[in-house]
4 protein chains.
Amino acid sequence: MNIRVRPLQPSDKADWQRLYDGYHRFYDRPDLPQDFFDGCFDRLMAGDARDFHALVAEGDDGLLGLTHYLFHPHMWFPEGACYLQDLFTSDQARGRGVGRALIECVYAAADAAGVPRVYWLTQETNYAGRMLYDRVGTRSPFIRYNRPT
Amino acid sequence: MNIRVRPLQPSDKADWQRLYDGYHRFYDRPDLPQDFFDGCFDRLMAGDARDFHALVAEGDDGLLGLTHYLFHPHMWFPEGACYLQDLFTSDQARGRGVGRALIECVYAAADAAGVPRVYWLTQETNYAGRMLYDRVGTRSPFIRYNRPT
Amino acid sequence: MNIRVRPLQPSDKADWQRLYDGYHRFYDRPDLPQDFFDGCFDRLMAGDARDFHALVAEGDDGLLGLTHYLFHPHMWFPEGACYLQDLFTSDQARGRGVGRALIECVYAAADAAGVPRVYWLTQETNYAGRMLYDRVGTRSPFIRYNRPT
Amino acid sequence: MNIRVRPLQPSDKADWQRLYDGYHRFYDRPDLPQDFFDGCFDRLMAGDARDFHALVAEGDDGLLGLTHYLFHPHMWFPEGACYLQDLFTSDQARGRGVGRALIECVYAAADAAGVPRVYWLTQETNYAGRMLYDRVGTRSPFIRYNRPT
């Protein structure tokens with residue numbers, strides 16, 4: 001089966017929203033309002049180099065996955081860093097290499113931007129995700145602390 | 001003893017560099033070139049709202065600590081997030097509340113910017129740091145993966 | 001499909017050894033000598049209440065999995081604790097509920113012995129195992145330290 | 001200052017109980033009944049080779065710390081393993097090397113018993129303990145799961 005990874009485009013909106021909604025449901029954020037998705041999609045389409053970029057994986061049967069990544073300044077490295085924030089594959093497409101293809105295309109985009117350092121955060125118990133991440137990435141000893149809400 | 005937290009200013013350069021060098025030594029990055037420190041200090045003084053900001057803690061005996069933080073876009077939250085990247089207290093100032101004062105001033109700066117979400121990453125084995133972080137923050141279940149180098 | 005969990009018996013030796021060898025290969029201990037398996041099997045058959053006990057899961061097509069558990073004294077609880085040390089399911093039997101059935105039968109054996117506390121250790125990266133363990137057990141905050149070898 | 005590590009003896013009961021109570025308070029188990037301490041002390045004094053053994057650290061000002069350890073069978077290693085379950089140093093004795101002295105004497109006792117493998121479990125957030133454990137031991141990737149209560 002063919003998987004093509006390409007930038008998100010305006011005609012993808014409905015498919016993209018279905019995937020991004022699935023992603024938020026994974027993180028226990030169901031029923032987000034349409035305004036949320038409209039705002040996100042507009043940002044991704046606006047082409048602001050300092051905001052998020054989106055790639056989607058497309059198969060013969062439509063969109064299979066998405067990723068959103070951001071280049072941001074970093075104190076240690078003048079070229080900055082690339083933060084891969086969102087990654088999602090539809091349930092039907094699991095096990096077909098979609099996640100890996102998306103991550104590798106973010107790596108390529110980061111190289112093209114001269115920002116080779118790419119990182120992401122994941123829950124320690126995201127076992128299915130980590131089976132992939134251990135193959136395409138390296139677990140660091142860093143953990144995240146949040147300001148209390 | 002009094003601790004005042006205030007923005008970094010041009011006359012702080014030598015003291016700031018001494019602290020920031022100590023921070024990098026903690027992370028096994030000794031002997032960084034002067035160019036590195038010059039570049040960082042220039043960025044912090046440039047006042048770019050989309051680059052890092054610096055606060056320093058000052059006691060009667062000079063600078064005791066520093067923090068560098070960044071506001072960056074976030075897909076989930078339109079107002080973005082505040083990433084507290086660097087935090088350091090000089091050896092002599094440990095146990096005097098410098099780290100806590102710096103973090104709390106970042107919280108206040110984030111509130112003032114309308115970006116209440118603040119987070120940071122730390123090594124799982126940074127025990128001394130985590131004794132503080134567990135009091136002023138909340139450990140999340142998120143861990144960091146890096147692109148292999 | 002039927003799965004029956006029952007105590008290990010002398011006629012199981014060849015099948016048991018095949019499974020226990022698979023378990024050690026999972027932990028990067030291939031090619032253990034026959035003496036090792038002979039010694040283990042003899043202990044399991046000896047019926048010493050203070051040594052390990054073995055249960056096996058049997059399907060229509062032979063043995064599918066095994067577990068070895070031990071009752072040992074505990075300072076906090078006079079009745080002691082039950083340590084489930086080894087658990088293994090053959091590759092062909094994955095996803096058929098063998099691991100869960102074995103753990104639940106250890107729970108029942110522990111109850112029958114008046115030692116309700118059961119625990120086990122697993123590698124943080126044993127994702128497939130933890131998918132099961134999170135359903136039948138509770139992750140504790142305890143981690144293991146070893147004397148350096 | 002001198003620290004002597006020696007086996008627990010009958011005349012230590014009151015001092016031992018004060019320390020062991022402090023240990024349980026650390027783990028949020030205050031106000032244990034006298035029966036609990038009586039039962040534990042009797043077991044430690046009974047000399048059963050298959051139950052727990054106790055060592056205490058003594059300074060010029062009395063008992064400073066304790067440890068309880070157990071030899072138990074292990075499927076992988078015919079000689080068994082040594083489980084260091086309880087370790088505690090009084091608040092006043094922190095930083096004087098008491099914990100390290102106790103652990104090293106357990107290592108020596110394990111060697112004398114022909115059971116060189118020693119391990120212990122600790123909470124991931126026991127930062128003060130782990131500062132010591134990282135120096136005298138090796139963190140393994142194993143985490144503990146419990147049967148739900």
# chains A, B, ... in the order shown; residues from 1 in each chain; ligands from 1

$ select_by_dssp --residues "chain D" --states "strand (DSSP E or B)" --output "ChimeraX atom specification"
/D:4-7,53-59,62-72,81-89,118-123,138-146

$ interface_residues --of "chain C" --to "chain A" --cutoff "12 Å" --atoms "only C-alpha atoms" --output "mmCIF file with N, CA and C atoms, in the first residue's frame"
data_model
loop_
_atom_site.group_PDB
_atom_site.id
_atom_site.type_symbol
_atom_site.label_atom_id
_atom_site.label_comp_id
_atom_site.auth_asym_id
_atom_site.auth_seq_id
_atom_site.Cartn_x
_atom_site.Cartn_y
_atom_site.Cartn_z
ATOM 1 N N GLU C 124 10.352 -1.251 32.649
ATOM 2 C CA GLU C 124 9.518 -0.099 32.299
ATOM 3 C C GLU C 124 9.146 -0.132 30.818
ATOM 4 N N THR C 125 9.982 -0.696 29.983
ATOM 5 C CA THR C 125 9.738 -0.723 28.537
ATOM 6 C C THR C 125 9.071 -2.021 28.057
ATOM 7 N N ASN C 126 8.579 -2.840 28.955
ATOM 8 C CA ASN C 126 7.848 -4.048 28.551
ATOM 9 C C ASN C 126 6.414 -3.644 28.208
ATOM 10 N N TYR C 127 6.270 -2.964 27.082
ATOM 11 C CA TYR C 127 4.990 -2.337 26.749
ATOM 12 C C TYR C 127 3.870 -3.368 26.613
ATOM 13 N N ALA C 128 4.155 -4.458 25.912
ATOM 14 C CA ALA C 128 3.106 -5.461 25.710
ATOM 15 C C ALA C 128 2.658 -6.020 27.054
ATOM 16 N N GLY C 129 3.606 -6.311 27.925
ATOM 17 C CA GLY C 129 3.247 -6.797 29.242
ATOM 18 C C GLY C 129 2.443 -5.775 30.024
ATOM 19 N N ARG C 130 2.879 -4.527 29.963
ATOM 20 C CA ARG C 130 2.214 -3.504 30.768
ATOM 21 C C ARG C 130 0.788 -3.215 30.296
ATOM 22 N N MET C 131 0.524 -3.422 29.025
ATOM 23 C CA MET C 131 -0.871 -3.275 28.572
ATOM 24 C C MET C 131 -1.776 -4.212 29.366
ATOM 25 N N LEU C 132 -1.279 -5.410 29.647
ATOM 26 C CA LEU C 132 -2.033 -6.334 30.489
ATOM 27 C C LEU C 132 -1.963 -5.927 31.965
ATOM 28 N N TYR C 133 -0.763 -5.616 32.435
ATOM 29 C CA TYR C 133 -0.588 -5.364 33.872
ATOM 30 C C TYR C 133 -1.429 -4.177 34.351
ATOM 31 N N ASP C 134 -1.575 -3.160 33.484
ATOM 32 C CA ASP C 134 -2.403 -2.020 33.877
ATOM 33 C C ASP C 134 -3.868 -2.410 34.040
ATOM 34 N N ARG C 139 0.172 -0.092 38.977
ATOM 35 C CA ARG C 139 1.574 0.301 38.993
ATOM 36 C C ARG C 139 1.870 1.039 40.283
#

$ residues_around --residues "A:Pro10" --least-positions-apart "4" --cutoff "10 Å" --atoms "only C-alpha atoms" --output "NGL selection string"
:A and (14 or 16 or 41-42 or 44-45)

$ write_last_selection --atoms "C-alpha atoms" --output "PDB file, in the first residue's frame"
ATOM      1  CA  ALA A  14     -12.986  17.698   6.943  1.00  0.00           C
ATOM      2  CA  TRP A  16      -8.032  16.633   8.997  1.00  0.00           C
ATOM      3  CA  PHE A  41      -6.956  24.904  10.709  1.00  0.00           C
ATOM      4  CA  ASP A  42      -6.730  28.605   9.920  1.00  0.00           C
ATOM      5  CA  LEU A  44      -2.025  25.816   9.892  1.00  0.00           C
ATOM      6  CA  MET A  45      -3.073  27.312   6.561  1.00  0.00           C
TER       7      MET A  45
END

$ select_by_dssp --residues "chain B" --states "alpha helix (DSSP H)" --output "ChimeraX atom specification"
/B:13-26,34-46,98-112,127-136

$ residues_around --residues "stretch 75-78 of chain A" --least-positions-apart "5" --cutoff "10 Å" --atoms "only C-alpha atoms" --output "MDAnalysis selection string"
(chainID A and resid 115 117) or (chainID B and resid 24 36:37 39:41 43:44 51:52 68:70 85:86)

$ atom_distance --atom1 "atom CA of D:Phe26" --atom2 "atom CA of D:Trp120"
16.5 Å

$ residues_around --residues "A:Val5" --least-positions-apart "2" --cutoff "12 Å" --atoms "only C-alpha atoms" --output "list in words"
Asn2, Ile3, Pro7, Leu8, Gln9, Ala54, Leu55, Val56, Ala57, Glu58, Gly59, Gly62, Leu63, Leu64, Gly65, Leu66, Thr67, Gly97, Val98, Gly99, Arg100, Ala101, Leu102, Ile103, Glu104, Cys105, Val106, Ala108 and Ala109 of chain A
